[in-house]
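Below is one structure, written out as C-alpha cells; comments come after it.
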Amino acid sequence: MTGSVHEIALEVHPDEAAPEGLRLAAARALGVDPSRVTEVRPLRRGVDARRGRVRVAYQLAVGVDGPLPTPTLAVPDLPTLAGEPPVIVVGAGPAGLLAAWTLARHGVRSVLLDRGADVRGRRPALARLNRDGVLDPDNNYCFGEGGAGTFSDGKLYTRATGRGPIQDLMELLVACGAPASILYEARPHIGTNRLPGVVQGLRERLVAAGVDVRFGVRVDDLLLDGRRVVGVRLAGGDTLPARAVILATGHSARDVYTLLDAHGVALAAKPFALGVRVEHPQAHIDAIQYGELAGHPHLGAAPYTLKRTVDGVGAYSFCMCPGGFIVAAATDADGVVVNGMSPSRRDSRFANSGMVVTVGPETYGEGALAGLRWQAGVEQAAFRAGGGRFRAPAQRVTDYLAGRVSADLPPCSYRPGLQSFDLQTILPPVVATHLPAALRFFDAHRMRGYVTAEAVLVGVESRSSAPVRILRDAETLESPSHAGLFPVGEGAGFAGGIVSAALDGARVAATVARQVGAPGA
C-alpha cells in the first residue's frame, strides 16, 4: 500500500499534546484507524488560553501508511572568499552577522567589527557587573558578539512579514545549533543559555569562508571623501578603507549617534518607549493564564501580552520573559537600565516583562538627539535612586499604586540588587500618568490578580528601541546625506528584535553586494 501525506489543523487538550496523544487525535481527524498513522510532525504549535479554556493548537504533517519525507535544512554552503574586503560591517549583532552572511553568500568578503568580546569573553564581564557592580562600557549585555540578544533571552517571534526570509533565517539558526522547535513554535525561543553557542556557530561559518571577524575593536570615526564614507578609523588610530560601510551598532551605541551627528549624517528623532520591568512569581502568572492547568508539562511557563492606548499614548508589555531573570543592561557608568531574559527551559521561578509607555518629541523635545539625552537622564536618575553599583530602584506594585515607598521588597531575580524607592519621582510625567492607569486596567480587564504585593516594579526599562533613526533612502537603502553608508537594524531605527534586525541586515547587504559588483548579486 502506498503511503500518503496529509496536513491538518487541530486543537487538543494539553493531556493529548504528547506524541501518542497527537497520533490518536490525528487519526480521529482523518477518520482512519490509529494503526495506519505512522508519523506525525508539528509544522506549527501554539497555546491558546482564550475564551476561558486552554488548548494546544497544531498544524501537523501526518503520514498515513508510510513515513513523512525526511526534513532538510535549506542552508547553502558559503563560497571561499579571498582578496581585500570591500565592505566593513560595524557591529556583530543579528543585523551585522546576517549582513556579513548575506555578503558572503553573494561572494563578497567583509570585515566584521565589534567593540565587545566574543561570547566567551563576554561572560567574565557580565559576572563582574552582576557580582561586583563593575561595568565594562564596551563589553556588557548590549555590546559584544551577538549583540543585546545573546545574553538577553533569544526570543525569535516577530511582526516582520515575509515567511520565506524568516524560514531561511530559522533554518540557518538550526544549522548553527538552535533547537529544531524554532521552526514550528508560534513563539520560537532559543534561550540565553543556548544562544551563545548558536552565535558562535554562525561566526565560525563566516570565518571558515574568509570573513575577517574582529572583536574588541571600537570604531571611533568615519573616513570621508567629501560626503562619501570611504572607511573607518578605529580606537588607537588605525584606519580601514572600504567601498561601503554597513552600520549595525544597535540601539545603545550613543557615541555612534553623536559621531554621526557631528559629521552631519541625516538623523531624525524617533518615538520609543520607556518604563519599568515588572516581575511576578511565575506560578502566579501560570495560575492567571492557565487556571487549573497551571504547571502542566505540555504548557510550560505562561507568557502574556498586554496593551492599552489612551489619548494616543500606548502602555504595553514588552519583551515578556516567562521563567526568566531581570538583567543589568547598562552601558554607561552612571545609568541603570534593566532588561529581561529566559533560559531555554524557562524554569526560573520568576516571570518578568517590560511595562512601558510610548514617548515622542512632545515629551523629550526637538532635535535628532533630544530623545537620546532625555533617555540618559532618566537612567541617571535611576542610578542615583539605586544608590550606586547598579542596584535598581524598586517598589511593590501595590505600594506603587498606593503612592508609598515599600517597607520591604519581595524576592527578585535582579542580581546587582534592589533599593526601595518611590518610582513615581524618577519616572517622567507621561509615564507616571499612564503606567498606574494601565496596571489597574490590566488587573481589572485582562489578567485579574496581576496587581499583587508579590509583584515588584524595577526601574528603568529604557532601551525598548532606538530613540534616533539614521535615515536612509527607501530604494538604495543608503544614507541620503553620505554615500557609502548603510544604516541597518535596531540602532538605525528599522527593526525591533532579533528576527527583524537580522532580516534588515540581510536585505541591506544584498543591495550593497550589487553595488560593489558581487558576482552572485
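Here's how to read the names in the C-alpha cells: chain A, B, ... by the order shown, residue numbers from 1 in each chain, ligand numbers from 1 in the order shown.
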Leaving out segment 52-66 of chain A and any residue of its chain fewer than 5 positions from it, which residues lie within 7 Å of it when counting only C-alpha atoms, given as a ChimeraX atom specification? /A:2-14,36-47,290
All residues 8 Å or closer to Gly201 of chain A, only C-alpha atoms, same chain fewer than 4 positions away omitted, as a PyMOL selection string: chain A and resi 176-177+197+205
Selection: 10 Å around Arg131 of chain A, only C-alpha atoms, excl. self and same-chain fewer than 2 positions, as a short mmCIF file (atom, residue, chain, number, x, y, z; two decimals) with C-alpha atoms, in the first residue's frame:
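Below is the file around-v3.cif, written as the result:
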data_model
loop_
_atom_site.label_atom_id
_atom_site.label_comp_id
_atom_site.auth_asym_id
_atom_site.auth_seq_id
_atom_site.Cartn_x
_atom_site.Cartn_y
_atom_site.Cartn_z
CA ALA A 125 32.44 40.96 32.11
CA LEU A 126 28.81 40.09 32.87
CA ALA A 127 29.85 38.23 36.02
CA ARG A 128 31.76 41.30 37.28
CA LEU A 129 28.75 43.51 36.62
CA GLY A 133 28.68 46.24 40.17
CA VAL A 134 31.61 46.93 37.81
CA ARG A 389 26.85 49.74 41.91
CA ARG A 415 21.43 40.17 40.81
CA PRO A 416 23.04 43.58 41.46
CA GLY A 417 20.21 44.09 43.95
#
With distances taken over only C-alpha atoms, which of A:Ala294, A:Ala273, A:Ile182, A:Ala302 is nearest to Leu435 of chain A? A:Ala273
Find the spatial neighbours of Gly96 of chain A, counting only C-alpha atoms, within a cut-off of 9 Å - ignore same-chain residues fewer than 2 positions away - and output them as a ChimeraX atom specification. /A:89-94,98-101,112-113,146,246-249,488-489,501-502,505-506
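Of the listed residues (A:Gly216, A:Pro79, A:Leu477, A:Pro71), A:Gly216 comes nearest to Arg122 of chain A; the distances count only C-alpha atoms.
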Can you list, as a PDB file with C-alpha atoms, in the first residue's frame, all residues belonging to segment 272-336 of chain A that DSSP tags as strand (DSSP E or B)?
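Written out: result_15.pdb:
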ATOM      1  CA  PHE A 272      10.287  54.914  21.591  1.00  0.00           C
ATOM      2  CA  ALA A 273       9.022  53.556  24.911  1.00  0.00           C
ATOM      3  CA  LEU A 274      10.194  53.796  28.496  1.00  0.00           C
ATOM      4  CA  GLY A 275       9.012  52.453  31.817  1.00  0.00           C
ATOM      5  CA  VAL A 276       9.906  49.698  34.246  1.00  0.00           C
ATOM      6  CA  ARG A 277      10.276  45.929  34.376  1.00  0.00           C
ATOM      7  CA  VAL A 278       7.626  44.082  36.376  1.00  0.00           C
ATOM      8  CA  GLU A 279       8.358  40.707  37.968  1.00  0.00           C
ATOM      9  CA  HIS A 280       5.873  38.190  39.379  1.00  0.00           C
ATOM     10  CA  PRO A 281       6.265  34.662  40.678  1.00  0.00           C
ATOM     11  CA  LYS A 307      -1.610  46.644  25.703  1.00  0.00           C
ATOM     12  CA  ARG A 308      -3.744  49.727  26.295  1.00  0.00           C
ATOM     13  CA  THR A 309      -3.903  53.011  24.366  1.00  0.00           C
ATOM     14  CA  VAL A 310      -5.460  56.157  25.804  1.00  0.00           C
ATOM     15  CA  VAL A 313      -0.417  57.064  24.218  1.00  0.00           C
ATOM     16  CA  GLY A 314       0.260  53.345  24.425  1.00  0.00           C
ATOM     17  CA  ALA A 315       1.183  51.425  27.562  1.00  0.00           C
ATOM     18  CA  TYR A 316       2.144  47.811  26.963  1.00  0.00           C
ATOM     19  CA  SER A 317       4.158  44.784  27.994  1.00  0.00           C
ATOM     20  CA  PHE A 318       7.479  44.432  26.216  1.00  0.00           C
ATOM     21  CA  CYS A 319       9.919  41.519  25.907  1.00  0.00           C
ATOM     22  CA  MET A 320       7.945  39.303  28.305  1.00  0.00           C
ATOM     23  CA  CYS A 321      10.213  36.572  29.728  1.00  0.00           C
ATOM     24  CA  PHE A 325      15.517  36.809  35.060  1.00  0.00           C
ATOM     25  CA  ILE A 326      15.919  40.580  35.113  1.00  0.00           C
ATOM     26  CA  VAL A 327      19.410  41.633  33.996  1.00  0.00           C
ATOM     27  CA  ALA A 328      21.540  44.771  34.223  1.00  0.00           C
TER      28      ALA A 328
END
So which residues of segment 314-484 of chain A fall under alpha helix (DSSP H) by DSSP, listed as an NGL selection string? :A and (361-364 or 370-386 or 397-402 or 429-445)
With only C-alpha atoms as the atoms that count, which of A:Pro429, A:Pro86, A:Gly291, A:Pro179 lies nearest to Met447 of chain A? A:Gly291
